[in-house]
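Working notes, structure below.
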Amino acid sequence: MTEQRRTAAVHATVVFVLLSSHFLFRPFLVASFVSPNLLVGGLLLATLRLRAGYAALLGFGLGFLEAAMALEGIGQTPLVLALVGYLGARSRDLLFADARYFTLVYLFAGTWIAEVGMLIFAVGELHPGYILVSSPLDAALTAVICGVLEKAVSAILS
Amino acid sequence: MRYTTVGRPEGQRRDLMILAALVALAWFLSSLEVERKLALTGAIRATVLAPFVSAHARFELRGELTARAARLEEERDRLARLALRATDLDAENVRLRALLGLPPRMTGDYVAAELVPGRPAVGDSHTFLLRVGAEQGLSAPVAVVNPAGLVGVVRSVASGKSFGEFWSHPDFRVSVRADSGPGAGIIRPVASSSGETLMLLEGVPFQMGLAPGTRLVTAGVGGVYPSGIPVGTVLQEAESQSGWSRSYRVEPAARPAEVGFVLVWRRPSMEELVPALPPPVGDTIRVSGES
């Protein structure tokens with residue numbers, strides 16, 4: 001297996017594990033004050049290898065599934081995640097994707113922005129406690145989990 | 001792992017067009033009627049998300065079985081005590097109505113249902129699914145209650161399931177009256193300073209002040225909620241509007257987070273109601289002098 005194919009396989013596996021874990025363990029994840037947002041983490045990782053249009057399509061599809069699971073936000077959640085996908089793919093090109101800690105910073109910032117966007121668009125409220133405490137902790141946890149998972153899958157597939 | 005940039009994309013215009021189409025689609029989806037949203041959600045949950053939904057049901061069943069059994073036993077005992085008291089009241093009611101020449105009281109019936117709350121990733125859930133539908137004779141909008149009091153309202157009924165909103169939903173309104181004594185108004189949800197969702201009673205006539213601790217029950221106006229269902233207890237006065245009306249903060253009787261099984265009101269149909277109505281008053285009036 002060439003290095004490029006191996007990297008792609010690791011990437012696809014990580015995204016699949018993150019997204020399936022999100023939908024499988026969703027009741028436990030949404031019930032706690034601080035929890036990793038594996039849906040946004042998976043989407044942001046996927047956007048690293050997708051064109052902006054396709055990233056938006058993926059975000060929209062995932063948002064649609066999320067809204068069906070949540071029974072709320074059938075229009076708003078797909079919209080927010082489509083924007084996150086599009087902006088994620090565009091920011092990858094505009095920023096320095098070769099930087100050492102780019103992925104971690106990208107996941108942290110992306111998750112934080114996505115959660116604040118969901119709060120404003122889907123819920124229509126502004127909770128300072130959520131924006132300044134809960135959401136950054138969610139984002140940090142998401143970045144760490146995605147990083148660790150990537151290392152683990154990479155080690156297994158190497 | 002480090003990712004290498006793929007450079008500036010060539011088809012930026014196409015990407016933007018895709019995004020614009022998705023924004024339009026999202027706007028279209030959010031403007032759909034509740035029934036169509038329910039149908040879409042149901043289709044997705046029954047197909048793509050079916051393995052996850054059934055896994056959640058299994059997790060919940062395992063985790064809550066013991067707690068649920070204890071809760072149900074407690075509820076059963078409380079209901080048994082209420083039923084014993086209600087038997088006397090029922091008999092008394094029948095006697096009094098017979099004395100006044102009134103027809104039997106038509107209160108409708110209740111259908112027991114399991115409630116599946118919505119679980120948004122951010123914020124509290126304001127919506128729920130019920131595992132009962134049109135087959136059980138339900139029609140929307142109609143009240144959803146539990147032994148503690150009013151839980152919410154069914155907004156849409158489909159085959160085998162119904163979609164509803166908790167009282168904490170921003171669009172929820174219910175007309176209430178004081179359990180004993182004067183005082184009536186309309187209840188809506190309101191967020192407290194601590195972030196907790198409470199109820200706000202508005203439109204209470206200024207001269208009808210309500211004391212803290214007053215129990216509020218549904219007024220039964222409009223046919224969506226049966227009369228006399230506990231809604232909440234007055235906590236304190238919120239504000240008064242220049243001598244016209246007062247508003248009060250209200251502690252809800254039923255908390256959405258604590259609800260698992262509910263009763264859905266099956267209101268009496270017109271066919272059931274009409275025979276129970278007394279004959280029109282005009283028929284019994286005799287003109288003076290007529291034999």
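By order in the structure tokens, chains are A, B, ...; within a chain, residues start at 1; ligands start at 1, following the order shown.
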Tell me which protein, DNA and RNA residues are within 12 Å of Asn37 (chain A), counting only C-alpha atoms, leaving out same-chain ones fewer than 4 positions away, and put them as an mmCIF file with C-alpha atoms, in the first residue's frame.
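Output below, filename around-v2.cif:
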data_model
loop_
_atom_site.group_PDB
_atom_site.id
_atom_site.type_symbol
_atom_site.label_atom_id
_atom_site.label_comp_id
_atom_site.auth_asym_id
_atom_site.auth_seq_id
_atom_site.Cartn_x
_atom_site.Cartn_y
_atom_site.Cartn_z
ATOM 1 C CA LEU A 18 -16.225 9.262 14.603
ATOM 2 C CA LEU A 19 -19.534 9.628 12.761
ATOM 3 C CA SER A 21 -19.804 6.678 17.318
ATOM 4 C CA HIS A 22 -21.641 9.985 17.388
ATOM 5 C CA PHE A 23 -24.935 8.483 16.257
ATOM 6 C CA PHE A 25 -23.604 7.016 21.641
ATOM 7 C CA ARG A 26 -25.597 10.208 21.070
ATOM 8 C CA PHE A 28 -24.917 9.685 26.428
ATOM 9 C CA LEU A 29 -23.024 12.436 24.622
ATOM 10 C CA VAL A 30 -25.801 15.043 24.625
ATOM 11 C CA SER A 32 -23.493 15.564 29.814
ATOM 12 C CA PHE A 33 -22.334 19.148 30.408
ATOM 13 C CA GLY A 41 -15.106 16.467 14.502
ATOM 14 C CA GLY A 42 -15.798 13.866 11.811
ATOM 15 C CA LEU A 43 -17.150 16.490 9.434
ATOM 16 C CA LEU A 44 -14.161 18.795 9.930
ATOM 17 C CA GLU A 66 -28.736 14.895 13.243
ATOM 18 C CA LEU A 107 -10.608 20.987 15.025
ATOM 19 C CA PHE A 108 -10.731 23.106 18.181
ATOM 20 C CA GLY A 110 -14.037 24.592 13.975
ATOM 21 C CA THR A 111 -15.931 22.740 16.702
ATOM 22 C CA TRP A 112 -16.230 25.859 18.846
ATOM 23 C CA ILE A 113 -17.542 27.922 15.934
ATOM 24 C CA ALA A 114 -19.918 25.130 14.865
ATOM 25 C CA GLU A 115 -21.396 24.741 18.369
ATOM 26 C CA MET A 118 -25.833 25.705 16.246
ATOM 27 C CA SER A 134 -19.026 24.394 27.870
ATOM 28 C CA SER A 135 -18.444 24.869 24.145
ATOM 29 C CA PRO A 136 -14.630 25.489 24.314
ATOM 30 C CA LEU A 137 -14.278 22.448 26.573
ATOM 31 C CA ASP A 138 -16.326 20.392 24.077
ATOM 32 C CA ALA A 139 -14.065 21.666 21.304
ATOM 33 C CA ALA A 140 -10.860 20.841 23.195
ATOM 34 C CA LEU A 141 -12.132 17.349 24.025
ATOM 35 C CA THR A 142 -13.156 16.814 20.395
ATOM 36 C CA ALA A 143 -9.718 17.848 19.136
ATOM 37 C CA VAL A 144 -7.954 15.557 21.615
ATOM 38 C CA ILE A 145 -10.186 12.549 20.845
ATOM 39 C CA CYS A 146 -9.840 13.011 17.090
ATOM 40 C CA ALA B 121 -27.093 18.493 20.771
ATOM 41 C CA VAL B 122 -27.400 22.039 22.095
#
I need the contact residues of chain A against chain B, so if you could list those with any atom within 8 Å, counting only C-alpha atoms, and return them as a PDB file with C-alpha atoms, in the first residue's frame, that would help.
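result_26.pdb was written with the following content:
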ATOM      1  CA  PHE A  23     -24.935   8.483  16.257  1.00  0.00           C
ATOM      2  CA  LEU A  24     -24.489   5.326  18.350  1.00  0.00           C
ATOM      3  CA  PHE A  25     -23.604   7.016  21.641  1.00  0.00           C
ATOM      4  CA  PRO A  27     -27.936   9.822  24.100  1.00  0.00           C
ATOM      5  CA  VAL A  30     -25.801  15.043  24.625  1.00  0.00           C
ATOM      6  CA  LEU A  48      -9.710  18.338   4.925  1.00  0.00           C
ATOM      7  CA  ARG A  51     -13.764  20.164  -2.223  1.00  0.00           C
ATOM      8  CA  ALA A  52     -15.760  22.946  -0.546  1.00  0.00           C
ATOM      9  CA  GLY A  53     -18.968  22.069  -2.428  1.00  0.00           C
ATOM     10  CA  TYR A  54     -18.821  18.390  -1.518  1.00  0.00           C
ATOM     11  CA  ALA A  56     -21.028  21.434   2.230  1.00  0.00           C
ATOM     12  CA  LEU A  57     -23.087  18.557   0.815  1.00  0.00           C
ATOM     13  CA  PHE A  60     -25.931  19.146   4.953  1.00  0.00           C
ATOM     14  CA  LEU A  65     -29.536  13.009  10.031  1.00  0.00           C
ATOM     15  CA  ALA A  67     -32.009  16.846  13.023  1.00  0.00           C
ATOM     16  CA  ALA A  68     -33.953  13.616  12.451  1.00  0.00           C
ATOM     17  CA  MET A  69     -32.296  12.110  15.515  1.00  0.00           C
ATOM     18  CA  ALA A  70     -32.899  15.215  17.622  1.00  0.00           C
ATOM     19  CA  LEU A  71     -36.479  15.699  16.320  1.00  0.00           C
ATOM     20  CA  GLU A  72     -35.662  19.418  16.056  1.00  0.00           C
ATOM     21  CA  GLY A  73     -33.977  21.873  13.691  1.00  0.00           C
ATOM     22  CA  ILE A  74     -34.823  20.063  10.433  1.00  0.00           C
ATOM     23  CA  GLY A  75     -33.796  23.127   8.397  1.00  0.00           C
ATOM     24  CA  GLN A  76     -31.397  24.926  10.711  1.00  0.00           C
ATOM     25  CA  PRO A  78     -28.307  21.064   8.014  1.00  0.00           C
ATOM     26  CA  LEU A  79     -27.741  24.745   7.186  1.00  0.00           C
ATOM     27  CA  ALA A  82     -23.295  22.804   5.462  1.00  0.00           C
ATOM     28  CA  LEU A  83     -21.741  26.193   6.260  1.00  0.00           C
ATOM     29  CA  TYR A  86     -17.913  24.753   3.260  1.00  0.00           C
ATOM     30  CA  ARG A  92      -7.952  24.686   4.853  1.00  0.00           C
ATOM     31  CA  ASP A  93      -6.846  26.267   1.581  1.00  0.00           C
ATOM     32  CA  LEU A  94      -6.491  29.738   3.024  1.00  0.00           C
ATOM     33  CA  PHE A  96      -1.345  26.756   6.463  1.00  0.00           C
ATOM     34  CA  ALA A  97      -2.380  23.127   6.383  1.00  0.00           C
ATOM     35  CA  ASP A  98       1.243  22.037   6.629  1.00  0.00           C
ATOM     36  CA  ALA A  99       1.699  23.584  10.066  1.00  0.00           C
ATOM     37  CA  ARG A 100       2.534  21.049  12.774  1.00  0.00           C
ATOM     38  CA  PHE A 102      -2.832  22.761  12.234  1.00  0.00           C
ATOM     39  CA  THR A 103      -5.275  19.850  12.577  1.00  0.00           C
ATOM     40  CA  GLU A 115     -21.396  24.741  18.369  1.00  0.00           C
ATOM     41  CA  MET A 118     -25.833  25.705  16.246  1.00  0.00           C
ATOM     42  CA  LEU A 119     -26.786  27.574  19.406  1.00  0.00           C
ATOM     43  CA  VAL A 123     -31.744  27.054  19.217  1.00  0.00           C
ATOM     44  CA  GLU A 150      -6.058   9.205  14.325  1.00  0.00           C
ATOM     45  CA  LYS A 151      -2.790   8.148  15.951  1.00  0.00           C
TER      46      LYS A 151
END
For this session: Measuring atom to atom with only C-alpha atoms, identify which of A:Ala12, A:Val17, A:Leu58, A:Leu45 is nearest to Leu104 (chain A).
Result: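 With only C-alpha atoms as the atom set, the closest residue is A:Leu45.
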